[in-house]
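Okay, input01.txt is below, compact mmCIF, C-alpha atoms and all ligand atoms:
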# COMPACT_ATOMS: atom_id res chain seq x y z
CA MET A 1 29.05 13.36 -34.74
CA THR A 2 28.88 10.57 -37.29
CA THR A 3 25.57 8.92 -38.00
CA GLU A 4 27.18 5.58 -37.12
CA ALA A 5 27.35 6.40 -33.40
CA PRO A 6 24.70 4.44 -31.50
CA ALA A 7 21.67 6.27 -30.16
CA ILE A 8 21.87 6.59 -26.39
CA LEU A 9 18.53 4.81 -25.89
CA SER A 10 19.71 1.83 -27.93
CA THR A 11 21.84 0.86 -24.93
CA SER A 12 20.27 -0.98 -22.00
CA ALA A 13 20.66 0.31 -18.43
CA LYS A 14 23.35 -2.32 -17.86
CA GLU A 15 25.27 -1.47 -21.04
CA LEU A 16 25.20 2.23 -20.29
CA GLU A 17 26.39 1.68 -16.74
CA ALA A 18 29.23 -0.51 -18.04
CA TRP A 19 30.16 2.26 -20.49
CA LEU A 20 30.13 4.81 -17.67
CA LEU A 21 32.34 2.64 -15.46
CA SER A 22 34.78 2.14 -18.31
CA HIS A 23 34.93 5.95 -18.59
CA LYS A 24 35.63 6.29 -14.88
CA ALA A 25 32.17 7.66 -14.12
CA PRO A 26 29.86 6.28 -11.42
CA ALA A 27 26.95 4.10 -12.48
CA TYR A 28 24.39 6.52 -11.01
CA ARG A 29 25.08 8.92 -13.88
CA ARG A 30 22.90 6.58 -15.94
CA LYS A 31 19.86 7.49 -13.83
CA GLN A 32 20.63 11.17 -14.19
CA LEU A 33 20.96 10.78 -17.94
CA TRP A 34 17.66 8.89 -18.20
CA ALA A 35 15.97 11.57 -16.11
CA TRP A 36 17.10 14.11 -18.70
CA MET A 37 15.85 11.92 -21.53
CA ALA A 38 12.51 11.66 -19.70
CA ARG A 39 12.34 15.46 -19.76
CA GLY A 40 12.91 15.43 -23.51
CA ALA A 41 16.57 16.51 -23.57
CA ALA A 42 17.68 17.51 -27.06
CA SER A 43 21.43 17.39 -26.33
CA PHE A 44 23.92 16.00 -23.80
CA ASP A 45 25.09 19.54 -23.19
CA GLU A 46 21.93 20.55 -21.39
CA MET A 47 22.40 17.77 -18.78
CA ARG A 48 23.73 20.21 -16.21
CA ASP A 49 24.24 17.80 -13.30
CA ILE A 50 26.55 15.65 -15.45
CA PRO A 51 30.17 16.93 -15.46
CA LYS A 52 31.12 18.70 -18.66
CA PRO A 53 33.99 16.35 -19.65
CA LEU A 54 31.63 13.37 -19.32
CA ARG A 55 29.00 15.19 -21.41
CA SER A 56 31.59 15.64 -24.16
CA GLU A 57 32.59 11.99 -23.98
CA LEU A 58 28.94 10.99 -24.21
CA GLY A 59 28.51 13.29 -27.19
CA GLY A 60 31.54 11.71 -28.85
CA SER A 61 30.23 8.17 -28.38
CA PHE A 62 26.45 8.44 -28.73
CA ARG A 63 23.72 10.30 -30.55
CA ILE A 64 20.95 11.75 -28.40
CA THR A 65 18.41 10.30 -30.86
CA SER A 66 18.49 8.40 -34.13
CA LEU A 67 15.38 10.18 -35.47
CA ARG A 68 15.69 13.07 -37.90
CA PRO A 69 12.53 15.20 -38.24
CA ILE A 70 12.03 15.86 -41.96
CA ALA A 71 8.53 17.35 -42.05
CA VAL A 72 6.13 18.85 -39.54
CA SER A 73 2.48 19.58 -40.07
CA GLN A 74 0.05 21.34 -37.72
CA ALA A 75 -3.71 20.94 -37.55
CA ASP A 76 -6.65 21.81 -35.30
CA ARG A 77 -5.28 25.31 -34.65
CA GLY A 78 -2.05 23.95 -33.23
CA LEU A 79 -3.60 21.24 -31.05
CA THR A 80 -2.33 18.49 -33.34
CA THR A 81 1.28 18.18 -34.54
CA LYS A 82 2.46 15.48 -36.92
CA THR A 83 6.12 14.89 -37.41
CA LEU A 84 7.69 12.75 -40.10
CA TYR A 85 11.03 11.27 -39.03
CA GLU A 86 13.73 9.76 -41.16
CA LEU A 87 15.23 6.62 -39.62
CA ASP A 88 18.74 5.26 -40.00
CA GLY A 89 18.84 3.61 -43.39
CA GLY A 90 16.41 6.09 -44.99
CA HIS A 91 12.89 4.83 -44.21
CA SER A 92 10.50 7.28 -42.60
CA VAL A 93 7.70 7.09 -40.04
CA GLU A 94 5.36 9.58 -38.48
CA ALA A 95 4.12 10.36 -35.00
CA VAL A 96 1.21 12.60 -34.04
CA VAL A 97 0.86 14.63 -30.84
CA MET A 98 -2.74 15.44 -29.86
CA ARG A 99 -3.34 17.98 -27.10
CA TYR A 100 -6.56 17.88 -25.05
CA ALA A 101 -7.67 19.88 -22.02
CA ASP A 102 -6.74 17.17 -19.52
CA ARG A 103 -4.13 15.05 -21.33
CA SER A 104 -1.75 14.77 -24.28
CA THR A 105 -1.66 11.69 -26.45
CA LEU A 106 1.04 10.51 -28.82
CA CYS A 107 0.13 8.32 -31.77
CA ILE A 108 3.27 6.30 -32.41
CA SER A 109 4.62 4.15 -35.28
CA SER A 110 6.01 0.65 -34.83
CA GLN A 111 6.99 -0.17 -38.43
CA ALA A 112 7.99 1.75 -41.55
CA GLY A 113 5.09 0.70 -43.75
CA CYS A 114 2.86 -2.22 -42.88
CA PRO A 115 2.75 -5.79 -44.19
CA ILE A 116 -1.01 -6.24 -43.59
CA GLY A 117 -2.26 -4.13 -46.50
CA CYS A 118 -5.77 -3.03 -45.49
CA PRO A 119 -7.23 -1.45 -48.65
CA PHE A 120 -8.51 1.75 -46.91
CA CYS A 121 -5.23 2.58 -45.15
CA ALA A 122 -2.60 5.06 -46.36
CA THR A 123 0.22 3.12 -44.71
CA GLY A 124 -0.70 -0.07 -46.50
CA LYS A 125 -0.25 1.64 -49.89
CA PHE A 126 3.53 1.63 -49.71
CA PRO A 127 5.74 -1.43 -49.82
CA PHE A 128 6.69 -2.65 -46.35
CA GLY A 129 9.93 -1.03 -45.16
CA ARG A 130 11.18 -2.50 -41.90
CA ASN A 131 10.47 -3.10 -38.25
CA LEU A 132 11.41 -0.31 -35.88
CA LYS A 133 13.80 -1.04 -33.05
CA ALA A 134 12.60 -0.45 -29.49
CA HIS A 135 14.69 2.69 -29.12
CA GLU A 136 13.26 4.15 -32.35
CA ILE A 137 9.79 3.77 -30.87
CA VAL A 138 10.82 5.29 -27.52
CA GLU A 139 12.60 8.16 -29.28
CA GLN A 140 9.28 9.23 -30.85
CA ALA A 141 7.92 9.59 -27.31
CA VAL A 142 11.01 11.45 -26.08
CA ASP A 143 10.62 13.91 -28.94
CA ALA A 144 6.94 14.40 -28.05
CA VAL A 145 7.94 15.03 -24.43
CA ARG A 146 10.43 17.63 -25.64
CA MET A 147 7.75 19.34 -27.72
CA LEU A 148 5.14 19.26 -24.94
CA SER A 149 7.40 20.26 -22.06
CA ALA A 150 8.30 23.45 -23.94
CA GLU A 151 4.58 24.25 -23.65
CA GLY A 152 4.37 23.27 -19.97
CA LYS A 153 2.51 20.06 -20.86
CA ARG A 154 3.10 16.39 -20.09
CA LEU A 155 2.82 13.37 -22.31
CA SER A 156 0.17 11.22 -20.62
CA HIS A 157 -0.99 8.64 -23.17
CA VAL A 158 0.62 6.66 -26.00
CA VAL A 159 -1.36 4.83 -28.68
CA PHE A 160 0.24 2.41 -31.16
CA MET A 161 -2.01 3.63 -33.96
CA GLY A 162 0.55 5.15 -36.26
CA MET A 163 2.28 3.31 -39.06
CA GLY A 164 2.66 -0.42 -38.83
CA GLU A 165 1.18 -3.47 -37.16
CA PRO A 166 2.63 -3.52 -33.61
CA MET A 167 1.98 -7.23 -33.15
CA ALA A 168 4.10 -7.99 -36.22
CA ASN A 169 7.05 -6.34 -34.43
CA TYR A 170 6.26 -7.91 -31.10
CA GLN A 171 9.56 -7.99 -29.19
CA ALA A 172 10.52 -4.41 -29.98
CA VAL A 173 7.03 -3.14 -29.14
CA ILE A 174 7.00 -4.92 -25.76
CA GLU A 175 10.50 -3.67 -25.00
CA SER A 176 9.44 -0.13 -25.91
CA VAL A 177 6.36 -0.33 -23.65
CA ARG A 178 8.59 -1.45 -20.77
CA ARG A 179 10.78 1.57 -21.37
CA LEU A 180 7.86 3.97 -21.80
CA SER A 181 6.46 2.78 -18.48
CA ASP A 182 9.79 2.52 -16.62
CA PRO A 183 9.58 5.06 -13.76
CA GLU A 184 13.27 5.86 -14.38
CA LEU A 185 12.47 6.71 -17.98
CA LEU A 186 9.10 8.07 -19.16
CA GLY A 187 6.94 6.60 -16.39
CA ILE A 188 3.76 6.33 -18.49
CA SER A 189 1.47 3.74 -16.92
CA PRO A 190 0.85 0.75 -19.25
CA ARG A 191 -2.86 1.39 -18.72
CA ARG A 192 -2.37 4.60 -20.63
CA VAL A 193 -0.75 2.76 -23.52
CA VAL A 194 -3.01 1.39 -26.24
CA ILE A 195 -1.78 -1.34 -28.57
CA SER A 196 -3.97 -1.48 -31.65
CA THR A 197 -3.86 -4.60 -33.79
CA SER A 198 -5.40 -5.96 -36.95
CA GLY A 199 -5.63 -9.28 -35.10
CA LEU A 200 -2.54 -11.50 -34.86
CA ILE A 201 -4.05 -14.04 -32.47
CA PRO A 202 -0.86 -15.79 -31.25
CA ARG A 203 0.64 -12.42 -30.32
CA ILE A 204 -2.53 -11.30 -28.51
CA ASP A 205 -2.36 -14.51 -26.46
CA GLN A 206 1.32 -13.85 -25.78
CA LEU A 207 0.56 -10.28 -24.72
CA GLY A 208 -1.75 -11.68 -22.08
CA GLN A 209 1.27 -13.45 -20.49
CA GLU A 210 3.41 -10.31 -20.24
CA LYS A 211 1.88 -8.86 -17.06
CA LEU A 212 1.88 -5.45 -18.71
CA ALA A 213 -1.87 -4.68 -18.68
CA VAL A 214 -1.75 -2.34 -21.64
CA THR A 215 -5.08 -1.45 -23.23
CA LEU A 216 -5.82 -3.64 -26.23
CA ALA A 217 -7.61 -2.27 -29.28
CA ILE A 218 -8.80 -4.62 -32.00
CA SER A 219 -9.29 -3.15 -35.47
CA LEU A 220 -12.46 -5.07 -36.25
CA HIS A 221 -14.18 -3.00 -39.01
CA ALA A 222 -16.45 -5.93 -39.93
CA ALA A 223 -18.17 -8.62 -37.88
CA ARG A 224 -18.50 -11.19 -40.68
CA ASP A 225 -15.56 -13.01 -42.22
CA GLU A 226 -16.65 -12.44 -45.81
CA LEU A 227 -16.31 -8.64 -45.44
CA ARG A 228 -13.41 -8.63 -42.97
CA ASP A 229 -11.39 -10.86 -45.33
CA VAL A 230 -11.42 -7.87 -47.71
CA LEU A 231 -11.05 -4.97 -45.26
CA VAL A 232 -8.42 -6.58 -43.01
CA PRO A 233 -6.73 -9.29 -45.09
CA ILE A 234 -5.09 -11.02 -42.08
CA ASN A 235 -8.64 -12.16 -41.28
CA ARG A 236 -8.19 -14.98 -43.80
CA LYS A 237 -5.68 -16.44 -41.38
CA TYR A 238 -7.29 -15.37 -38.10
CA PRO A 239 -11.08 -15.24 -38.49
CA VAL A 240 -13.42 -12.97 -36.52
CA ALA A 241 -14.82 -15.45 -33.98
CA ASP A 242 -11.34 -16.72 -33.01
CA LEU A 243 -10.07 -13.14 -32.81
CA VAL A 244 -12.81 -12.03 -30.44
CA ALA A 245 -12.27 -15.14 -28.30
CA SER A 246 -8.57 -14.31 -28.04
CA ALA A 247 -9.25 -10.63 -27.25
CA GLN A 248 -11.76 -11.62 -24.56
CA GLY A 249 -9.16 -13.97 -23.10
CA TYR A 250 -6.92 -10.91 -22.79
CA ALA A 251 -9.78 -8.95 -21.18
CA GLU A 252 -10.32 -11.69 -18.58
CA LYS A 253 -6.63 -12.02 -17.76
CA THR A 254 -6.08 -8.30 -17.33
CA SER A 255 -9.58 -7.24 -16.18
CA ARG A 256 -9.40 -4.60 -18.89
CA ARG A 257 -12.10 -3.79 -21.34
CA VAL A 258 -11.08 -4.33 -24.97
CA SER A 259 -11.68 -1.53 -27.43
CA TYR A 260 -13.04 -2.60 -30.85
CA GLU A 261 -12.24 -0.12 -33.60
CA TRP A 262 -14.59 0.30 -36.52
CA VAL A 263 -13.58 2.56 -39.42
CA LEU A 264 -16.86 3.74 -40.92
CA LEU A 265 -16.85 3.29 -44.70
CA ALA A 266 -20.02 4.64 -46.31
CA GLY A 267 -22.21 1.90 -47.75
CA VAL A 268 -19.65 -0.79 -46.91
CA ASN A 269 -19.83 -1.48 -43.16
CA ASP A 270 -22.40 1.03 -41.87
CA THR A 271 -25.67 -0.79 -42.47
CA GLU A 272 -28.22 -2.18 -40.05
CA ARG A 273 -26.98 -5.67 -40.89
CA ASP A 274 -23.46 -4.69 -39.78
CA ALA A 275 -24.75 -3.29 -36.47
CA LYS A 276 -26.74 -6.47 -35.80
CA GLU A 277 -23.77 -8.71 -36.58
CA LEU A 278 -21.62 -6.61 -34.27
CA GLY A 279 -24.24 -6.93 -31.54
CA THR A 280 -24.31 -10.70 -31.86
CA LEU A 281 -20.51 -10.83 -31.72
CA LEU A 282 -19.90 -8.56 -28.72
CA ARG A 283 -23.04 -8.47 -26.57
CA GLY A 284 -22.33 -9.25 -22.91
CA LYS A 285 -18.56 -9.06 -23.43
CA ARG A 286 -16.01 -6.73 -21.78
CA ALA A 287 -16.01 -4.57 -24.87
CA HIS A 288 -16.23 -1.01 -26.05
CA VAL A 289 -16.88 -0.04 -29.67
CA ASN A 290 -15.02 2.96 -31.07
CA LEU A 291 -16.35 4.26 -34.38
CA ILE A 292 -13.78 6.09 -36.53
CA PRO A 293 -15.20 8.11 -39.44
CA PHE A 294 -13.04 7.18 -42.45
CA ASN A 295 -10.35 9.71 -43.31
CA PRO A 296 -10.41 9.71 -47.11
CA VAL A 297 -7.28 8.27 -48.72
CA GLU A 298 -6.63 9.00 -52.40
CA GLY A 299 -6.69 6.00 -54.67
CA THR A 300 -8.99 3.93 -52.44
CA PRO A 301 -12.57 3.10 -53.46
CA TYR A 302 -13.97 4.17 -50.05
CA GLN A 303 -15.93 7.18 -48.88
CA ALA A 304 -16.50 8.72 -45.48
CA PRO A 305 -20.08 8.68 -44.20
CA ASP A 306 -21.69 12.08 -43.54
CA ARG A 307 -22.48 13.24 -39.99
CA ALA A 308 -26.00 11.87 -40.14
CA GLY A 309 -24.64 8.52 -41.32
CA VAL A 310 -22.23 8.36 -38.39
CA ARG A 311 -25.01 9.22 -35.92
CA ARG A 312 -27.34 6.66 -37.44
CA PHE A 313 -24.79 3.84 -37.18
CA ARG A 314 -23.91 4.82 -33.62
CA GLU A 315 -27.59 4.60 -32.69
CA LEU A 316 -27.91 1.23 -34.42
CA VAL A 317 -24.94 -0.10 -32.42
CA GLU A 318 -26.30 1.39 -29.19
CA ALA A 319 -29.61 -0.31 -29.86
CA GLN A 320 -27.67 -3.58 -29.79
CA GLY A 321 -26.85 -2.88 -26.15
CA LEU A 322 -23.15 -2.15 -26.76
CA ASN A 323 -20.98 0.65 -25.35
CA VAL A 324 -20.08 2.87 -28.26
CA THR A 325 -18.30 6.17 -28.85
CA VAL A 326 -17.32 8.08 -31.97
CA ARG A 327 -13.61 8.92 -32.17
CA ASP A 328 -12.91 12.60 -32.68
CA THR A 329 -11.31 13.27 -36.00
CA ARG A 330 -8.14 15.02 -35.00
CA GLY A 331 -5.89 16.18 -37.75
CA ARG A 332 -8.27 15.77 -40.65
CA GLU A 333 -7.75 19.20 -42.15
CA ALA A 334 -4.02 18.77 -42.69
CA ASP A 335 -2.91 15.25 -43.44
CA ALA A 336 -5.61 13.28 -41.71
CA ALA A 337 -4.88 9.91 -40.17
CA CYS A 338 -1.47 8.56 -39.34
CA GLY A 339 0.32 7.45 -42.46
CA GLN A 340 -0.99 10.31 -44.53
CA LEU A 341 1.71 12.89 -43.87
CA HIS A 342 4.16 10.25 -44.99
CA GLU A 343 2.04 9.68 -48.07
CA ARG A 344 1.94 13.39 -48.98
CA VAL A 345 5.66 13.90 -48.46
CA MET A 346 6.45 10.80 -50.49
CA ARG A 347 4.12 12.02 -53.24
CA GLU A 348 5.43 15.56 -53.37
CA ARG A 349 8.97 14.77 -52.32
CA SER A 350 9.08 18.24 -50.80
CA PRO A 351 8.63 18.57 -47.05
CA VAL A 352 5.92 20.88 -45.78
CA HIS A 353 8.20 22.54 -43.30
CA VAL A 354 11.57 21.30 -42.21
CA SER A 355 12.41 21.84 -38.57
N1 LIG A 401 -1.94 -1.65 -37.63
C1 LIG A 401 -2.66 -1.41 -36.43
C2 LIG A 401 -2.37 -0.06 -35.82
C3 LIG A 401 -2.22 1.10 -36.75
S1 LIG A 401 -3.66 1.62 -37.61
C4 LIG A 401 -4.14 -1.59 -36.65
O1 LIG A 401 -4.58 -1.69 -37.79
O2 LIG A 401 -4.86 -1.66 -35.65
C5 LIG A 401 -4.61 2.40 -36.33
C6 LIG A 401 -6.09 2.52 -36.62
O3 LIG A 401 -6.33 3.46 -37.69
C7 LIG A 401 -6.70 1.20 -37.05
O4 LIG A 401 -7.92 0.96 -36.39
C8 LIG A 401 -6.92 1.44 -38.53
O5 LIG A 401 -7.91 0.61 -39.06
C9 LIG A 401 -7.27 2.91 -38.58
N2 LIG A 401 -7.16 3.53 -39.90
C10 LIG A 401 -6.31 3.23 -40.89
N3 LIG A 401 -6.54 4.02 -41.97
C11 LIG A 401 -7.55 4.83 -41.64
C12 LIG A 401 -8.24 5.87 -42.34
N4 LIG A 401 -7.90 6.23 -43.57
N5 LIG A 401 -9.27 6.50 -41.70
C13 LIG A 401 -9.59 6.17 -40.44
N6 LIG A 401 -8.97 5.21 -39.72
C14 LIG A 401 -7.96 4.54 -40.32
FE1 LIG A 402 -1.48 -1.96 -41.35
FE2 LIG A 402 -3.21 -1.10 -39.50
FE3 LIG A 402 -2.99 0.14 -41.92
FE4 LIG A 402 -4.09 -2.29 -41.77
S1 LIG A 402 -4.88 -0.40 -40.83
S2 LIG A 402 -2.55 -1.61 -43.29
S3 LIG A 402 -2.88 -3.23 -40.17
S4 LIG A 402 -1.44 0.05 -40.35

Final structure tokens representation of the file:
Amino acid sequence: MTTEAPAILSTSAKELEAWLLSHKAPAYRRKQLWAWMARGAASFDEMRDIPKPLRSELGGSFRITSLRPIAVSQADRGLTTKTLYELDGGHSVEAVVMRYADRSTLCISSQAGCPIGCPFCATGKFPFGRNLKAHEIVEQAVDAVRMLSAEGKRLSHVVFMGMGEPMANYQAVIESVRRLSDPELLGISPRRVVISTSGLIPRIDQLGQEKLAVTLAISLHAARDELRDVLVPINRKYPVADLVASAQGYAEKTSRRVSYEWVLLAGVNDTERDAKELGTLLRGKRAHVNLIPFNPVEGTPYQAPDRAGVRRFRELVEAQGLNVTVRDTRGREADAACGQLHERVMRERSPVHVS
């Protein structure tokens, strides 16, 4: 199989059915094939209800996936698996599977690199690579399904919190969510999909028109423009008050609570002043605050707060009358947050473990 062959999920339902008809196969084979993809098929050959000659023709015309796993890293005693994939053209992205008692969540990438450049983020350290195509996003989920189904588990949630700014790759991200939620493909309810954004207001407004009702997460990190201009540079274009107004517009339209993410950077955004400003900004709104203890990234000037510091800030935010939780810190011991496996592999140029 040459690498030039298109990936099977890069074809739309219509295109695939047209291909099938032109190969004298009935259109319903497309549904069968998608059902196999939804179960995480790793080859056309295992699609037993598709006749063998057709399986060979499919194998001669398409690749099952365009993603090539180049490094895998485990953490949390096997509950967390990060995979670094090489894309066509040579860029790489990572995806993280997190297993919990009642669900399994995939943290997915939407871009190779990120054009936003937040100074605490590992992804922002590399030059921007390229936007992912919709099928490259969906293929990360199919691979997670493959991994989980071998363990008797299902993929239940997808969060766009890996590499990249999903709203800066809007069309492909929306197309991928439609495919993730398509009952004929992965069938993951949009409510169980979280799109996290640094705050591209026009795209948030557009998302509200899509009738998708995905969960929106805003990476706030600071409630005053002066500090957010530094931590999330896109703030210079889309300031805090306008951003929250846009996010609340989304909350009203979809009747969904917005999640506000706050990476805790010791001494930078964890003071009483920060909690009070956050209270003023969000009180009485359909909002939930999610505190994320900073995962240290080499070469950044930031430090993680200690446990007591995290608890103190949570209490300060609670005292403001806001709903607040502290995100668990999955994957810290190995390569920490999304973007960091990529960073280590790029630094060492020697994969941890090639699968
Ligand atoms: N670009 C999007 C989505 C990917 S980042 C966004 O910024 O929302 C997903 C989340 O991880 C964001 O809230 C981001 O601020 C956070 N994050 C980035 N680097 C981190 C780090 N080193 N430690 C903890 N959280 C981090
Ligand atoms: Fe991009 Fe998000 Fe990282 Fe900022 S935090 S550089 S927006 S991936």

Axis-aligned box for all listed atoms of ligand LIG 402 (chain A), 3 Å per side, centre and edges in Å to one decimal, as lines of an AutoDock Vina configuration file:
center_x = -3.2
center_y = -1.5
center_z = -41.4
size_x = 9.4
size_y = 9.4
size_z = 9.8

Once you count only C-alpha atoms and all ligand atoms, which residues end up within 6 Å of ligand LIG 402 (chain A), and could you hand them over as an MDAnalysis selection string? chainID A and resid 114 116:118 121 123:124 163:165 198

Just to confirm, what's the straight-line distance from atom C9 of ligand LIG 401 (chain A) to CA of Ile108 (chain A) in Å (one decimal)? 12.7 Å

What separates CA of Pro119 (chain A) and CA of Leu220 (chain A) is a distance of 13.9 Å

All residues within 7 Å of ligand LIG 401 (chain A) are required, counting all atoms listed in the file; please report them as a PDB file with C-alpha atoms, keeping the file's coordinate frame.
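After the write, result35.pdb holds the following:
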ATOM      1  CA  PHE A 120      -8.510   1.750 -46.910  1.00  0.00           C
ATOM      2  CA  CYS A 121      -5.230   2.580 -45.150  1.00  0.00           C
ATOM      3  CA  ALA A 122      -2.600   5.060 -46.360  1.00  0.00           C
ATOM      4  CA  PHE A 160       0.240   2.410 -31.160  1.00  0.00           C
ATOM      5  CA  MET A 161      -2.010   3.630 -33.960  1.00  0.00           C
ATOM      6  CA  GLY A 162       0.550   5.150 -36.260  1.00  0.00           C
ATOM      7  CA  MET A 163       2.280   3.310 -39.060  1.00  0.00           C
ATOM      8  CA  GLY A 164       2.660  -0.420 -38.830  1.00  0.00           C
ATOM      9  CA  GLU A 165       1.180  -3.470 -37.160  1.00  0.00           C
ATOM     10  CA  PRO A 166       2.630  -3.520 -33.610  1.00  0.00           C
ATOM     11  CA  SER A 196      -3.970  -1.480 -31.650  1.00  0.00           C
ATOM     12  CA  THR A 197      -3.860  -4.600 -33.790  1.00  0.00           C
ATOM     13  CA  SER A 198      -5.400  -5.960 -36.950  1.00  0.00           C
ATOM     14  CA  ALA A 217      -7.610  -2.270 -29.280  1.00  0.00           C
ATOM     15  CA  ILE A 218      -8.800  -4.620 -32.000  1.00  0.00           C
ATOM     16  CA  SER A 219      -9.290  -3.150 -35.470  1.00  0.00           C
ATOM     17  CA  GLU A 261     -12.240  -0.120 -33.600  1.00  0.00           C
ATOM     18  CA  TRP A 262     -14.590   0.300 -36.520  1.00  0.00           C
ATOM     19  CA  VAL A 263     -13.580   2.560 -39.420  1.00  0.00           C
ATOM     20  CA  ILE A 292     -13.780   6.090 -36.530  1.00  0.00           C
ATOM     21  CA  PRO A 293     -15.200   8.110 -39.440  1.00  0.00           C
ATOM     22  CA  PHE A 294     -13.040   7.180 -42.450  1.00  0.00           C
ATOM     23  CA  ASN A 295     -10.350   9.710 -43.310  1.00  0.00           C
ATOM     24  CA  PRO A 296     -10.410   9.710 -47.110  1.00  0.00           C
ATOM     25  CA  VAL A 297      -7.280   8.270 -48.720  1.00  0.00           C
ATOM     26  CA  ALA A 337      -4.880   9.910 -40.170  1.00  0.00           C
TER      27      ALA A 337
END

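Near (-6.2, -14.6, -38.2), the residues that fall inside 9 Å on the basis of all atoms listed in the file are A:Ser198, A:Gly199, A:Leu200, A:Ile201, A:Pro202, A:Pro233, A:Ile234, A:Asn235, A:Arg236, A:Lys237, A:Tyr238, A:Pro239, A:Val240, A:Asp242, A:Leu243.
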
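Minimum atom-to-atom distances from A:His23, A:Lys253, A:Arg99, A:Arg192 to Glu151 (chain A) were compared using all atoms listed in the file, and the lowest value belongs to A:Arg99.
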
What is the CA of Ser110 (chain A)-CA of Val142 (chain A) distance in Å, reported with one decimal? 14.8 Å

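The residues that lie within 8 Å of the point (12.9, 2.0, -25.5), counting only C-alpha atoms, are Leu9, Ser10, Ala134, His135, Glu136, Ile137, Val138, Glu139, Glu175, Ser176, Val177, Arg178, Arg179 and Leu180 of chain A.
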
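Residues with any atom within 9 Å of Arg154 (chain A), counting only C-alpha atoms and excluding same-chain neighbours fewer than 2 positions away, are Arg103, Ser104, Val145, Leu148, Ser149, Glu151, Gly152 and Ser156 of chain A.
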
Identify, on the basis of only C-alpha atoms, every residue whose closest approach to region 46-54 of chain A does not exceed 8 Å; exclude the query and any residue fewer than 4 positions from it along the same chain; express the result as a PDB file with C-alpha atoms, in the coordinates of the input.
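Contents of the output file around24.pdb:
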ATOM      1  CA  ALA A  25      32.170   7.660 -14.120  1.00  0.00           C
ATOM      2  CA  ARG A  29      25.080   8.920 -13.880  1.00  0.00           C
ATOM      3  CA  GLN A  32      20.630  11.170 -14.190  1.00  0.00           C
ATOM      4  CA  LEU A  33      20.960  10.780 -17.940  1.00  0.00           C
ATOM      5  CA  TRP A  36      17.100  14.110 -18.700  1.00  0.00           C
ATOM      6  CA  ALA A  41      16.570  16.510 -23.570  1.00  0.00           C
ATOM      7  CA  ALA A  42      17.680  17.510 -27.060  1.00  0.00           C
ATOM      8  CA  LEU A  58      28.940  10.990 -24.210  1.00  0.00           C
TER       9      LEU A  58
END

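When all atoms listed in the file are used to measure the gap to Ala144 (chain A), the shortest distance among A:Met98, A:Ala112, A:Leu185, A:Val310 belongs to A:Met98.
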
Which polymer residues have any atom within 10 Å of an atom of Arg273 (chain A), counting all atoms listed in the file, with same-chain residues fewer than 4 positions away left out, as a ChimeraX atom specification? /A:223,269,277-279,316

Give me a file of those residues, with C-alpha atoms, as a PDB file, keeping the file's coordinate frame.
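As written to disk, out26.pdb reads:
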ATOM      1  CA  ALA A 223     -18.170  -8.620 -37.880  1.00  0.00           C
ATOM      2  CA  ASN A 269     -19.830  -1.480 -43.160  1.00  0.00           C
ATOM      3  CA  GLU A 277     -23.770  -8.710 -36.580  1.00  0.00           C
ATOM      4  CA  LEU A 278     -21.620  -6.610 -34.270  1.00  0.00           C
ATOM      5  CA  GLY A 279     -24.240  -6.930 -31.540  1.00  0.00           C
ATOM      6  CA  LEU A 316     -27.910   1.230 -34.420  1.00  0.00           C
TER       7      LEU A 316
END

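Candidate residues A:Arg283, A:Arg256, A:Lys276, A:Arg203 were compared for distance to Phe313 (chain A), and the nearest is A:Lys276, using all atoms listed in the file.
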
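For the residues A:Arg312, A:Lys24, A:Arg130, A:Arg257, ranking by smallest atom-to-atom distance to Arg286 (chain A) using only C-alpha atoms places A:Arg257 first.
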
Distance criterion (all atoms listed in the file): nearest to Ser22 (chain A) out of A:Glu4, A:Asp270, A:Asp225, A:Glu57: A:Glu57

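Nearest to Ala13 (chain A) of all the residues A:Ala150, A:Phe62, A:Gly187, A:Asp182 is A:Asp182, counting all atoms listed in the file.
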
For Ile174 (chain A), please output as a PyMOL selection string all residues within 9 Å (counting all atoms listed in the file; exclusion window: fewer than 6 positions along the same chain). chain A and resi 134+207+210+212

Mind dumping the selected residues with C-alpha atoms as a JSON list (two decimals), keeping the file's coordinate frame?
[["chain", "number", "residue", "atom", "x", "y", "z"],
["A", 134, "ALA", "CA", 12.60, -0.45, -29.49],
["A", 207, "LEU", "CA", 0.56, -10.28, -24.72],
["A", 210, "GLU", "CA", 3.41, -10.31, -20.24],
["A", 212, "LEU", "CA", 1.88, -5.45, -18.71]]
